[in-house]
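For reference, data_31.cif is printed below; it contains mmCIF, C-alpha atoms.
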```
data_data
#
loop_
_atom_site.label_atom_id
_atom_site.label_comp_id
_atom_site.auth_asym_id
_atom_site.auth_seq_id
_atom_site.Cartn_x
_atom_site.Cartn_y
_atom_site.Cartn_z
CA MET A 1 298.87 144.89 94.89
CA CYS A 2 299.12 144.74 98.68
CA PRO A 3 297.97 141.70 100.63
CA ASP A 4 295.17 142.24 103.13
CA ARG A 5 296.00 142.78 106.79
CA GLU A 6 294.77 139.34 107.79
CA LEU A 7 297.34 137.75 105.53
CA LEU A 8 300.06 139.96 107.02
CA SER A 9 298.94 138.87 110.48
CA ALA A 10 299.37 135.22 109.49
CA PHE A 11 302.72 136.10 107.93
CA ALA A 12 303.82 137.70 111.20
CA ASP A 13 302.91 134.41 112.90
CA GLY A 14 305.00 132.42 110.44
CA GLU A 15 301.93 130.56 109.32
CA VAL A 16 302.08 131.25 105.59
CA PRO A 17 303.33 128.25 103.61
CA SER A 18 305.77 128.31 100.72
CA PRO A 19 305.85 129.64 98.09
CA TRP A 20 303.52 132.42 99.31
CA ASN A 21 305.72 133.05 102.31
CA GLU A 22 308.69 134.04 100.18
CA ARG A 23 306.55 136.13 97.85
CA LEU A 24 305.07 138.06 100.77
CA ALA A 25 308.51 138.65 102.24
CA SER A 26 309.63 140.03 98.94
CA HIS A 27 306.63 142.36 98.71
CA VAL A 28 306.96 143.63 102.27
CA ALA A 29 310.61 144.45 101.67
CA SER A 30 309.60 146.89 98.98
CA CYS A 31 306.28 148.21 100.31
CA PRO A 32 306.47 150.76 103.17
CA SER A 33 302.78 150.48 103.95
CA CYS A 34 302.83 146.70 104.38
CA ALA A 35 306.13 146.94 106.22
CA ALA A 36 304.53 149.33 108.69
CA THR A 37 301.55 147.05 109.17
CA LEU A 38 303.81 144.08 109.78
CA ALA A 39 305.95 146.07 112.19
CA GLY A 40 302.82 147.02 114.09
CA PHE A 41 301.84 143.38 114.55
CA ARG A 42 305.34 142.41 115.62
CA SER A 43 305.61 145.29 118.04
CA LEU A 44 302.31 144.24 119.58
CA SER A 45 303.61 140.68 120.00
CA GLU A 46 306.72 141.94 121.72
CA ARG A 47 304.72 144.08 124.06
CA LEU A 48 302.42 141.18 124.93
CA LYS A 49 305.37 138.93 125.67
CA ALA A 50 307.07 141.61 127.75
CA ALA A 51 303.97 142.21 129.83
CA PRO A 52 303.99 141.58 133.59
CA SER A 53 306.74 139.20 134.44
CA PHE A 54 306.21 136.62 137.09
CA GLU A 55 308.06 133.77 138.72
CA GLU A 56 307.24 131.10 136.20
CA GLN A 57 309.73 128.48 137.33
CA ALA A 58 308.86 128.95 141.00
CA THR A 59 305.20 128.48 140.16
CA VAL A 60 305.95 125.31 138.19
CA GLU A 61 307.90 123.90 141.15
CA ARG A 62 305.21 124.82 143.64
CA ILE A 63 302.61 122.99 141.58
CA ALA A 64 304.85 119.92 141.40
CA ALA A 65 305.25 119.98 145.17
CA ARG A 66 301.51 120.29 145.70
CA LEU A 67 300.80 117.46 143.30
CA GLY A 68 303.27 115.26 145.12
CA GLU A 69 301.73 116.05 148.49
CA ARG A 70 298.20 115.62 147.29
CA LEU A 71 298.79 112.31 145.60
CA ASP A 72 300.86 110.64 148.18
CA GLY A 73 301.63 112.43 151.38
CA ASN A 74 305.28 111.90 150.63
CA LEU A 75 307.59 114.01 148.61
CA GLU A 76 310.26 112.44 146.50
CA GLU A 77 313.18 114.43 145.26
CA ASP A 78 314.49 113.64 141.83
CA ARG A 79 318.05 114.31 140.86
CA ASP A 80 317.35 117.88 139.90
CA GLY A 81 315.93 118.65 143.29
CA ALA A 82 312.43 119.38 142.06
CA SER A 83 309.81 117.16 143.55
CA LEU A 84 306.88 115.38 142.09
CA GLY A 85 306.31 112.43 144.32
CA ILE A 86 303.97 109.87 142.88
CA HIS A 87 304.81 107.09 145.26
CA THR A 88 303.24 103.70 145.04
CA ALA A 89 302.66 102.28 148.48
CA LYS A 90 304.15 98.84 148.80
CA PRO A 91 302.19 96.69 148.75
CA PRO A 92 299.63 98.63 146.69
CA VAL A 93 296.88 99.78 148.96
CA VAL A 94 293.37 99.38 147.64
CA GLY A 95 291.30 102.52 147.82
CA GLY A 96 293.92 105.05 148.68
CA VAL A 97 297.51 106.12 148.61
CA PHE A 98 297.58 107.84 151.94
CA SER A 99 299.25 105.75 154.59
CA ARG A 100 300.39 106.64 158.02
CA ARG A 101 302.93 104.88 160.14
CA VAL A 102 302.41 104.90 163.85
CA LEU A 103 305.20 103.92 166.16
CA VAL A 104 303.66 102.68 169.35
CA PRO A 105 305.74 101.58 172.29
CA LEU A 106 303.57 99.49 174.58
CA PRO A 107 303.80 98.38 178.11
CA PHE A 108 304.86 94.78 178.48
CA ALA A 109 301.44 93.45 179.47
CA ALA A 110 299.59 95.14 176.66
CA ALA A 111 302.25 94.00 174.22
CA ALA A 112 301.81 90.42 175.27
CA LEU A 113 298.04 90.69 174.86
CA VAL A 114 298.36 92.16 171.38
CA LEU A 115 300.78 89.44 170.33
CA LEU A 116 298.43 86.78 171.58
CA ALA A 117 295.47 88.40 169.82
CA LEU A 118 297.38 88.59 166.56
CA SER A 119 298.41 84.97 166.85
CA ALA A 120 294.79 84.01 167.34
CA ALA A 121 293.52 86.11 164.49
CA PHE A 122 296.09 85.11 161.89
CA ALA A 123 296.72 81.52 162.87
CA LEU A 124 294.17 80.65 160.20
CA ARG A 125 297.08 80.84 157.84
CA THR A 126 298.83 78.12 159.81
CA TYR A 127 295.64 76.14 159.81
CA LEU A 128 295.23 76.24 156.05
CA ALA A 129 298.89 76.15 155.08
CA PRO A 130 300.79 73.82 157.37
CA ALA A 131 303.98 74.40 155.40
CA ARG A 132 306.47 76.43 157.28
CA VAL A 133 306.26 80.15 156.69
CA PRO A 134 309.55 82.03 156.63
CA VAL A 135 310.10 83.88 159.85
CA GLN A 136 309.92 87.60 159.36
CA THR A 137 310.97 90.43 161.53
CA LEU A 138 308.55 91.62 164.13
CA ALA A 139 307.89 95.03 162.64
CA VAL A 140 305.25 95.03 159.92
CA ALA A 141 306.32 98.34 158.49
CA GLU A 142 309.35 100.51 158.36
CA ILE A 143 310.03 102.67 161.33
CA ALA A 144 308.44 106.02 160.73
CA PRO A 145 310.75 108.99 160.68
CA GLN A 146 308.35 110.93 162.80
CA ALA A 147 308.22 109.58 166.31
CA THR A 148 305.00 109.45 168.25
CA GLU A 149 304.47 109.66 171.92
CA ARG A 150 303.61 106.72 174.15
CA THR A 151 300.01 105.93 174.02
CA SER A 152 297.69 103.66 175.86
CA MET A 153 295.91 100.71 174.34
CA GLU A 154 292.67 102.64 174.52
CA ALA A 155 294.10 105.51 172.53
CA LEU A 156 295.49 103.08 169.99
CA ILE A 157 292.12 101.37 169.57
CA ARG A 158 290.40 104.71 169.23
CA TYR A 159 292.87 105.75 166.58
CA LEU A 160 292.42 102.53 164.62
CA GLU A 161 288.68 102.74 164.78
CA SER A 162 288.71 106.33 163.58
CA ARG A 163 290.60 105.52 160.46
CA ASP A 164 289.01 104.20 157.28
CA ALA A 165 292.30 104.41 155.44
CA GLN A 166 294.85 101.69 155.58
CA VAL A 167 297.14 101.88 158.53
CA ASN A 168 300.59 100.39 158.69
CA LEU A 169 301.13 99.62 162.31
CA THR A 170 304.48 99.11 163.92
CA ILE A 171 304.48 97.71 167.41
CA GLU A 172 307.73 98.22 169.17
CA LEU A 173 308.18 96.08 172.25
CA PRO A 174 310.18 97.34 175.19
CA ARG A 175 313.75 96.35 174.49
CA GLU A 176 314.38 95.37 178.07
CA ALA A 177 311.56 92.85 178.12
CA THR A 178 312.19 89.16 177.68
CA PHE A 179 309.62 86.69 176.60
CA ALA A 180 309.05 83.26 177.88
CA ALA A 181 306.86 80.51 176.53
CA SER A 182 303.41 80.58 178.05
CA GLY A 183 301.20 77.70 177.10
CA LYS A 184 300.60 76.37 173.63
CA PRO A 185 299.73 78.58 170.64
CA PHE A 186 296.02 78.92 170.44
CA ILE A 187 294.57 78.20 166.98
CA VAL A 188 291.23 79.72 166.09
CA ARG A 189 289.29 79.24 162.91
CA ALA A 190 288.05 82.36 161.21
CA ALA A 191 284.44 81.24 161.64
CA ASP A 192 285.01 81.07 165.37
CA TYR A 193 286.37 84.53 165.53
CA GLY A 194 283.45 86.81 166.16
CA PRO A 195 282.46 89.30 168.82
CA VAL A 196 284.24 88.23 171.96
CA SER A 197 282.07 87.42 174.99
CA PRO A 198 283.52 87.69 178.51
CA ALA A 199 283.57 83.89 178.83
CA SER A 200 285.69 83.31 175.73
CA ARG A 201 289.45 83.37 175.65
CA PRO A 202 292.14 84.31 175.11
CA ALA A 203 292.09 88.00 174.35
CA THR A 204 290.25 90.95 175.75
CA PRO A 205 287.59 92.45 173.47
CA ALA A 206 289.70 95.56 173.07
CA ALA A 207 292.75 93.66 171.90
CA ALA A 208 290.61 91.50 169.65
CA GLY A 209 289.14 94.66 168.16
CA ALA A 210 292.64 95.94 167.51
CA ALA A 211 293.59 92.70 165.84
CA VAL A 212 290.51 92.80 163.61
CA GLU A 213 291.19 96.42 162.65
CA ALA A 214 294.81 95.73 161.89
CA SER A 215 293.83 92.79 159.76
CA THR A 216 291.80 94.85 157.25
CA ASP A 217 294.91 95.62 155.21
CA PRO A 218 295.47 92.55 153.06
CA GLY A 219 299.11 93.47 152.62
CA ALA A 220 299.70 93.82 156.30
CA ALA A 221 297.77 90.62 156.98
CA GLY A 222 300.35 88.72 155.02
CA ASP A 223 303.19 90.34 156.88
CA ALA A 224 301.48 90.08 160.24
CA ALA A 225 300.65 86.41 159.69
CA GLY A 226 304.28 85.71 159.07
CA THR A 227 305.11 87.82 162.08
CA ALA A 228 302.60 86.06 164.30
CA ASP A 229 303.89 82.71 163.14
CA GLY A 230 307.39 83.78 163.83
CA ALA A 231 306.44 84.99 167.29
CA ALA A 232 304.42 81.85 167.97
CA GLU A 233 307.35 79.74 166.89
CA GLY A 234 309.63 81.69 169.12
CA GLY A 235 307.20 81.47 172.01
CA ALA A 236 306.78 77.73 171.70
CA GLN A 237 310.48 76.96 171.89
CA MET B 1 311.86 106.86 123.55
CA THR B 2 309.64 108.84 121.21
CA ARG B 3 307.28 111.54 122.37
CA ASN B 4 304.37 109.26 121.66
CA GLN B 5 305.73 106.48 123.78
CA ALA B 6 306.39 108.82 126.65
CA VAL B 7 302.78 108.91 127.84
CA TYR B 8 301.63 105.50 126.73
CA GLY B 9 301.02 103.52 129.85
CA LEU B 10 300.29 106.50 132.06
CA PHE B 11 297.35 104.55 133.42
CA SER B 12 298.18 101.02 132.44
CA ASN B 13 296.76 99.29 135.50
CA ASP B 14 294.35 99.93 138.31
CA GLY B 15 296.99 101.42 140.53
CA PRO B 16 298.42 104.90 140.69
CA PRO B 17 299.69 106.51 137.48
CA ASP B 18 303.14 105.63 136.23
CA GLU B 19 305.40 108.06 138.00
CA ARG B 20 307.94 108.52 135.25
CA ALA B 21 305.34 109.02 132.55
CA LEU B 22 303.53 111.57 134.68
CA ARG B 23 306.74 113.43 135.40
CA ARG B 24 307.59 113.52 131.71
CA LEU B 25 304.20 114.91 130.87
CA TYR B 26 304.47 117.49 133.61
CA ASP B 27 307.93 118.68 132.54
CA ALA B 28 306.82 118.92 128.94
CA THR B 29 303.68 120.93 129.59
CA ALA B 30 303.70 122.74 132.94
CA PRO B 31 305.74 125.84 132.01
CA MET B 32 303.56 126.63 129.03
CA LEU B 33 300.36 125.89 130.93
CA VAL B 34 301.41 128.20 133.73
CA ARG B 35 302.26 130.92 131.23
CA VAL B 36 298.90 130.69 129.49
CA ALA B 37 296.98 130.48 132.77
CA TYR B 38 298.79 133.50 134.14
CA ARG B 39 298.02 135.61 131.10
CA ILE B 40 294.36 134.76 131.25
CA THR B 41 293.81 134.98 135.00
CA GLY B 42 296.29 137.74 135.76
CA THR B 43 297.61 136.35 139.04
CA GLU B 44 300.22 133.75 139.94
CA GLU B 45 298.02 132.23 142.61
CA ALA B 46 295.12 131.66 140.25
CA ALA B 47 297.45 130.30 137.56
CA GLU B 48 298.98 127.89 140.06
CA ASP B 49 295.56 126.66 141.21
CA VAL B 50 294.22 126.26 137.70
CA VAL B 51 297.19 124.22 136.46
CA HIS B 52 297.36 122.14 139.63
CA ASP B 53 293.66 121.32 139.41
CA ALA B 54 293.97 120.33 135.76
CA PHE B 55 296.63 117.73 136.59
CA ILE B 56 294.60 116.43 139.49
CA ARG B 57 291.62 116.05 137.20
CA LEU B 58 293.71 114.22 134.62
CA ILE B 59 294.96 111.80 137.25
CA GLU B 60 291.58 111.22 138.85
CA LYS B 61 289.76 110.72 135.56
CA ARG B 62 292.44 108.26 134.37
CA ILE B 63 291.98 109.26 130.74
CA PRO B 64 293.87 106.81 128.50
CA PHE B 65 295.84 109.18 126.28
CA ALA B 66 297.53 107.47 123.38
CA THR B 67 300.22 110.11 122.95
CA LEU B 68 301.84 112.93 124.84
CA ASP B 69 300.28 115.42 122.43
CA ASP B 70 296.80 114.15 123.27
CA ALA B 71 297.45 114.69 126.95
CA LYS B 72 299.01 118.09 126.29
CA PHE B 73 296.06 119.36 124.27
CA TRP B 74 293.60 118.05 126.84
CA LEU B 75 295.48 119.89 129.57
CA ILE B 76 295.62 123.12 127.58
CA ARG B 77 291.90 122.98 126.95
CA VAL B 78 291.11 122.39 130.59
CA VAL B 79 293.50 125.09 131.78
CA LYS B 80 292.19 127.60 129.26
CA ASN B 81 288.56 127.03 130.24
CA ALA B 82 289.25 127.13 133.96
CA ALA B 83 291.34 130.27 133.59
CA LEU B 84 288.68 131.97 131.51
CA ASN B 85 286.04 131.09 134.09
CA TYR B 86 288.20 132.53 136.80
CA ALA B 87 288.84 135.69 134.81
CA LYS B 88 285.14 136.05 134.09
CA ARG B 89 284.26 135.77 137.76
CA LYS B 90 287.02 138.10 138.79
CA GLY B 91 286.37 140.46 135.90
CA ARG B 92 282.89 141.23 137.01
CA GLU B 93 284.29 142.43 140.28
CA THR B 94 287.18 144.42 138.99
CA ARG B 95 285.98 145.83 135.70
CA ALA B 96 283.90 148.49 137.35
CA TYR B 97 286.83 149.49 139.54
CA GLU B 98 289.20 149.56 136.61
CA ARG B 99 286.92 151.69 134.51
CA TRP B 100 286.66 154.20 137.33
CA TRP B 101 290.38 154.09 138.00
CA ARG B 102 291.31 154.80 134.40
CA GLY B 103 288.92 157.69 134.38
CA GLU B 104 290.45 159.04 137.57
CA ARG B 105 293.96 158.87 136.22
CA ALA B 106 292.99 160.58 132.99
CA GLU B 107 291.47 163.47 134.89
CA THR B 108 294.17 163.92 137.46
CA GLU B 109 297.14 163.37 135.20
CA GLY B 110 295.92 165.50 132.33
CA ALA B 111 298.38 165.70 129.46
CA ASP B 112 300.48 162.86 130.82
CA ALA B 113 297.55 160.51 130.58
CA GLU B 114 298.13 159.92 126.89
CA LEU B 115 301.68 158.89 127.55
CA ILE B 116 300.78 156.76 130.50
CA ARG B 117 298.01 154.99 128.68
CA GLY B 118 299.45 152.08 126.81
CA GLU B 119 302.82 152.40 128.50
CA SER B 120 302.52 150.39 131.65
CA GLU B 121 302.52 146.62 131.70
CA ALA B 122 299.19 146.63 133.43
CA GLU B 123 297.70 148.25 130.37
CA VAL B 124 298.43 145.20 128.28
CA LYS B 125 296.73 142.99 130.82
CA PHE B 126 293.82 145.38 130.96
CA MET B 127 293.45 145.40 127.20
CA LEU B 128 293.71 141.63 126.94
CA ASP B 129 290.95 141.35 129.50
CA ARG B 130 288.74 143.53 127.32
CA LEU B 131 288.94 141.13 124.41
CA PRO B 132 286.09 138.71 123.81
CA GLU B 133 286.95 135.24 125.06
CA LYS B 134 287.15 133.65 121.64
CA LEU B 135 289.71 136.15 120.47
CA LYS B 136 291.63 136.27 123.75
CA SER B 137 292.02 132.47 123.89
CA VAL B 138 293.57 132.30 120.45
CA LEU B 139 295.93 135.20 120.97
CA ILE B 140 297.13 133.96 124.34
CA LEU B 141 297.73 130.44 123.07
CA LYS B 142 299.65 131.93 120.16
CA GLU B 143 301.72 134.54 121.98
CA TYR B 144 302.28 132.82 125.32
CA GLY B 145 301.72 129.17 124.46
CA GLY B 146 303.89 129.33 121.36
CA MET B 147 301.43 127.10 119.56
CA SER B 148 300.82 126.88 115.83
CA TYR B 149 297.44 127.64 114.26
CA LYS B 150 296.99 123.93 113.70
CA GLU B 151 297.65 123.10 117.37
CA ILE B 152 295.40 125.90 118.57
CA GLY B 153 292.66 124.65 116.27
CA ARG B 154 293.02 121.21 117.76
CA VAL B 155 292.77 122.48 121.32
CA LEU B 156 289.80 124.72 120.64
CA GLY B 157 288.05 122.41 118.21
CA ILE B 158 288.07 124.91 115.34
CA THR B 159 289.69 125.04 111.91
CA GLU B 160 293.07 126.55 111.18
CA GLY B 161 291.35 129.16 109.07
CA ASN B 162 289.18 130.10 112.00
CA VAL B 163 292.26 130.41 114.23
CA LYS B 164 293.90 132.67 111.68
CA VAL B 165 290.88 134.97 111.54
CA ARG B 166 290.54 135.14 115.33
CA ALA B 167 294.23 135.90 115.83
CA PHE B 168 293.95 138.69 113.32
CA ARG B 169 290.80 140.14 114.87
CA ALA B 170 292.35 139.95 118.33
CA ARG B 171 295.32 141.96 117.14
CA GLU B 172 293.16 144.53 115.40
CA ALA B 173 291.04 144.93 118.52
CA LEU B 174 294.11 145.45 120.72
CA LEU B 175 295.59 147.95 118.30
CA ALA B 176 292.31 149.83 118.23
CA LEU B 177 292.22 149.93 122.05
CA MET B 178 295.75 151.24 122.15
CA GLU B 179 295.03 153.85 119.55
CA LYS B 180 291.95 154.92 121.43
CA GLY B 181 294.24 155.37 124.38
CA GLY B 182 296.09 157.98 122.42
CA LYS B 183 299.19 156.01 121.54
CA HIS B 184 300.08 154.84 118.09
CA VAL B 185 301.99 151.64 117.79
CA SER B 186 304.54 152.08 115.07
#
```

Can you dump the structure from the file as C-alpha cells?
Amino acid sequence: MCPDRELLSAFADGEVPSPWNERLASHVASCPSCAATLAGFRSLSERLKAAPSFEEQATVERIAARLGERLDGNLEEDRDGASLGIHTAKPPVVGGVFSRRVLVPLPFAAAALVLLALSAAFALRTYLAPARVPVQTLAVAEIAPQATERTSMEALIRYLESRDAQVNLTIELPREATFAASGKPFIVRAADYGPVSPASRPATPAAAGAAVEASTDPGAAGDAAGTADGAAEGGAQ
Amino acid sequence: MTRNQAVYGLFSNDGPPDERALRRLYDATAPMLVRVAYRITGTEEAAEDVVHDAFIRLIEKRIPFATLDDAKFWLIRVVKNAALNYAKRKGRETRAYERWWRGERAETEGADAELIRGESEAEVKFMLDRLPEKLKSVLILKEYGGMSYKEIGRVLGITEGNVKVRAFRAREALLALMEKGGKHVS
C-alpha cells in the first residue's frame, strides 16, 4: 500500500523518523508511482533554490556596515575586513553613543579666557578634594582625524548650545603662544556659579556659558577638572 | 564556548550591547535571514532593510535572550513578519500588473507561452507570491532557511504536525500552479 502524498512530502524533507524512514525508502525504491511523486517534490525544491540569485554576501556586509554606522558613528574593521562597529564610547556616555570631536584652534585671548573660565567652573574639585590631582594633558579628548576650520568663540558657543548630545571638546592652543602667570587662581563654589552679571568676574558670560556647556559631560568634567588643575598649577608657578 | 553561552550577556548592563556577542549572533543568523527576507520580499533592497531593522529593534528593545537560538528564532519571526508585510503592500500594487503582463505574453507568444510559463526564474517568484501567507512562510523557512519542522514550529508558534501539513499544501499548490501553466514537473 502506498503512503499518502503528505507523508512523501515529509520524507522529501527528511523529517520522517526511524524506523519509518527506512521503510518508506524501501517502498519508494520499488514503487514507480511514489518515486515519481517524490521526484516531483525534490524537483520543485531544486527549482525554488535555484530561483533568482542575488548578492547574498554583499547584502550581509552592507547590513553590517549600516548597523555599525547607526549604532556608533564609527566603523570598526575586524580581522576579516567586514565591519560591525559596536563601539563603546570611553567613558560610557549616558543617553547616547554618538559623539563628535571638534578641534578648535583659538586665538590667544579667547584661549586664555576659556582656560580661566574652566578653572573657575571646575575648581570646585580642588575645593572639595585638596589632595593633589595628577596633572593630565591639556587635551580632553583624542585629536579628531577630521580637521575643522578655525572658528570664532561665538560659533563655538552656538555649536555647543545647539547640541543635546555629549560633545568631546578639544581646545588646541596656538603652539607659538607662551603663558605667564597672571594673578592667583580664582576659586568659585558651585553655588556661586550662576548667571554671570556684568559686575562679576572673572569670565565673560559667553565663556562662562561655554564652560557650563562643556561641563555637562560627567566624563569630560573629570578630565577637564584635572586639566584645569594642571593648567592652574602651571599658571601659578 | 557553547552556542548557548555565545549570546548570554548580550545586554548584561545598562550600556551598549556586548560587541562580540552581537557580532556572533549576526554572523550566525544574517545570511539565512537575508535569504528568507529576499524570497519573501523579492528585492535585495527590501531584504536588506527588513533584516537591518530587525537587528536595530533587537538592540533597542534590549531583550534578554538566554540562548543564541532564542535570539535567532526571535529574529526570524520579526524578519518573516516584516517581509510579509512588505510583500503584501507591494503585492497589491504589482499583482494587477503581473496578471495583465502574463496575459499579454500568452497572447503574443502563442505556442511558446506554454514553454515559457514555468521556465523563467521570475515564474517561481510569481508563484510563491500567489501562495497564502501561512503556506508561503513555512515553505520559505524550509527551502531557504534550511530549518527543521520543529524549528519552524517554534518560530511560527505552531505544532510540528501543522508545519508538516502546511509544507505539503504549499508544495501541492505550487505544483498545481505550474501544471495550470502547462508544464508538468516530472

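The space separating atom CA of B:Pro16 from atom CA of A:Ser162 comes to 24.9 Å.
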
Running the PyMOL selection byres ((chain B) within 8 of (chain A)) on this model by hand, what would come out? Give it as a ChimeraX atom specification. /B:15-19,23,30-31,34-35,44,48-49,51-52,55-56,121-122,124-125,143-144,148-149,164-165,167-168,171,175,185-186

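If you look at atom CA of B:Lys150 and atom CA of B:Asn162, they are 10.1 Å away from each other.
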
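Atom CA of B:Ser137 to atom CA of B:Ile63 spans 24.2 Å [interatomic distance, one decimal].
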
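Using all atoms listed in the file, the residues found no farther than 12 Å from B:Leu131, other than those of its own chain fewer than 5 positions away, are Ile40, Leu84, Ala87, Lys88, Gly91, Val124, Lys125, Phe126, Lys136, Ser137, Val138, Leu139, Ile140, Arg166, Ala167, Arg169, Ala170, Arg171, Glu172, Ala173, Leu174, Leu175, Ala176 and Leu177 of chain B.
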
Could you write out as lines of an AutoDock Vina configuration file the box around stretch 27-34 of chain B (axis-aligned, all atoms listed in the file, 4 Å on each side), with centre and edge lengths in Å to one decimal?
```
center_x = 304.1
center_y = 123.4
center_z = 131.3
size_x = 15.6
size_y = 17.5
size_z = 12.8
```

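Here the question is which of B:Asp14, B:Tyr38, B:Leu25, B:Asn81 gets nearest to B:Glu60 using only C-alpha atoms, and that residue is B:Asp14.
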
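The result of the PyMOL selection byres ((chain B and resi 155) around 10) on the shown file is Asp70, Lys72, Phe73, Trp74, Leu75, Ile76, Arg77, Val78, Lys80, Val138, Leu141, Met147, Tyr149, Lys150, Glu151, Ile152, Gly153, Arg154, Leu156, Gly157 and Ile158 of chain B.
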
Just to be explicit: take each residue in the selection above, keep C-alpha atoms, and write the result as a PDB file, keeping the file's coordinate frame.
```pdb
ATOM      1  CA  ASP B  70     296.800 114.150 123.270  1.00  0.00           C
ATOM      2  CA  LYS B  72     299.010 118.090 126.290  1.00  0.00           C
ATOM      3  CA  PHE B  73     296.060 119.360 124.270  1.00  0.00           C
ATOM      4  CA  TRP B  74     293.600 118.050 126.840  1.00  0.00           C
ATOM      5  CA  LEU B  75     295.480 119.890 129.570  1.00  0.00           C
ATOM      6  CA  ILE B  76     295.620 123.120 127.580  1.00  0.00           C
ATOM      7  CA  ARG B  77     291.900 122.980 126.950  1.00  0.00           C
ATOM      8  CA  VAL B  78     291.110 122.390 130.590  1.00  0.00           C
ATOM      9  CA  LYS B  80     292.190 127.600 129.260  1.00  0.00           C
ATOM     10  CA  VAL B 138     293.570 132.300 120.450  1.00  0.00           C
ATOM     11  CA  LEU B 141     297.730 130.440 123.070  1.00  0.00           C
ATOM     12  CA  MET B 147     301.430 127.100 119.560  1.00  0.00           C
ATOM     13  CA  TYR B 149     297.440 127.640 114.260  1.00  0.00           C
ATOM     14  CA  LYS B 150     296.990 123.930 113.700  1.00  0.00           C
ATOM     15  CA  GLU B 151     297.650 123.100 117.370  1.00  0.00           C
ATOM     16  CA  ILE B 152     295.400 125.900 118.570  1.00  0.00           C
ATOM     17  CA  GLY B 153     292.660 124.650 116.270  1.00  0.00           C
ATOM     18  CA  ARG B 154     293.020 121.210 117.760  1.00  0.00           C
ATOM     19  CA  LEU B 156     289.800 124.720 120.640  1.00  0.00           C
ATOM     20  CA  GLY B 157     288.050 122.410 118.210  1.00  0.00           C
ATOM     21  CA  ILE B 158     288.070 124.910 115.340  1.00  0.00           C
TER      22      ILE B 158
END
```
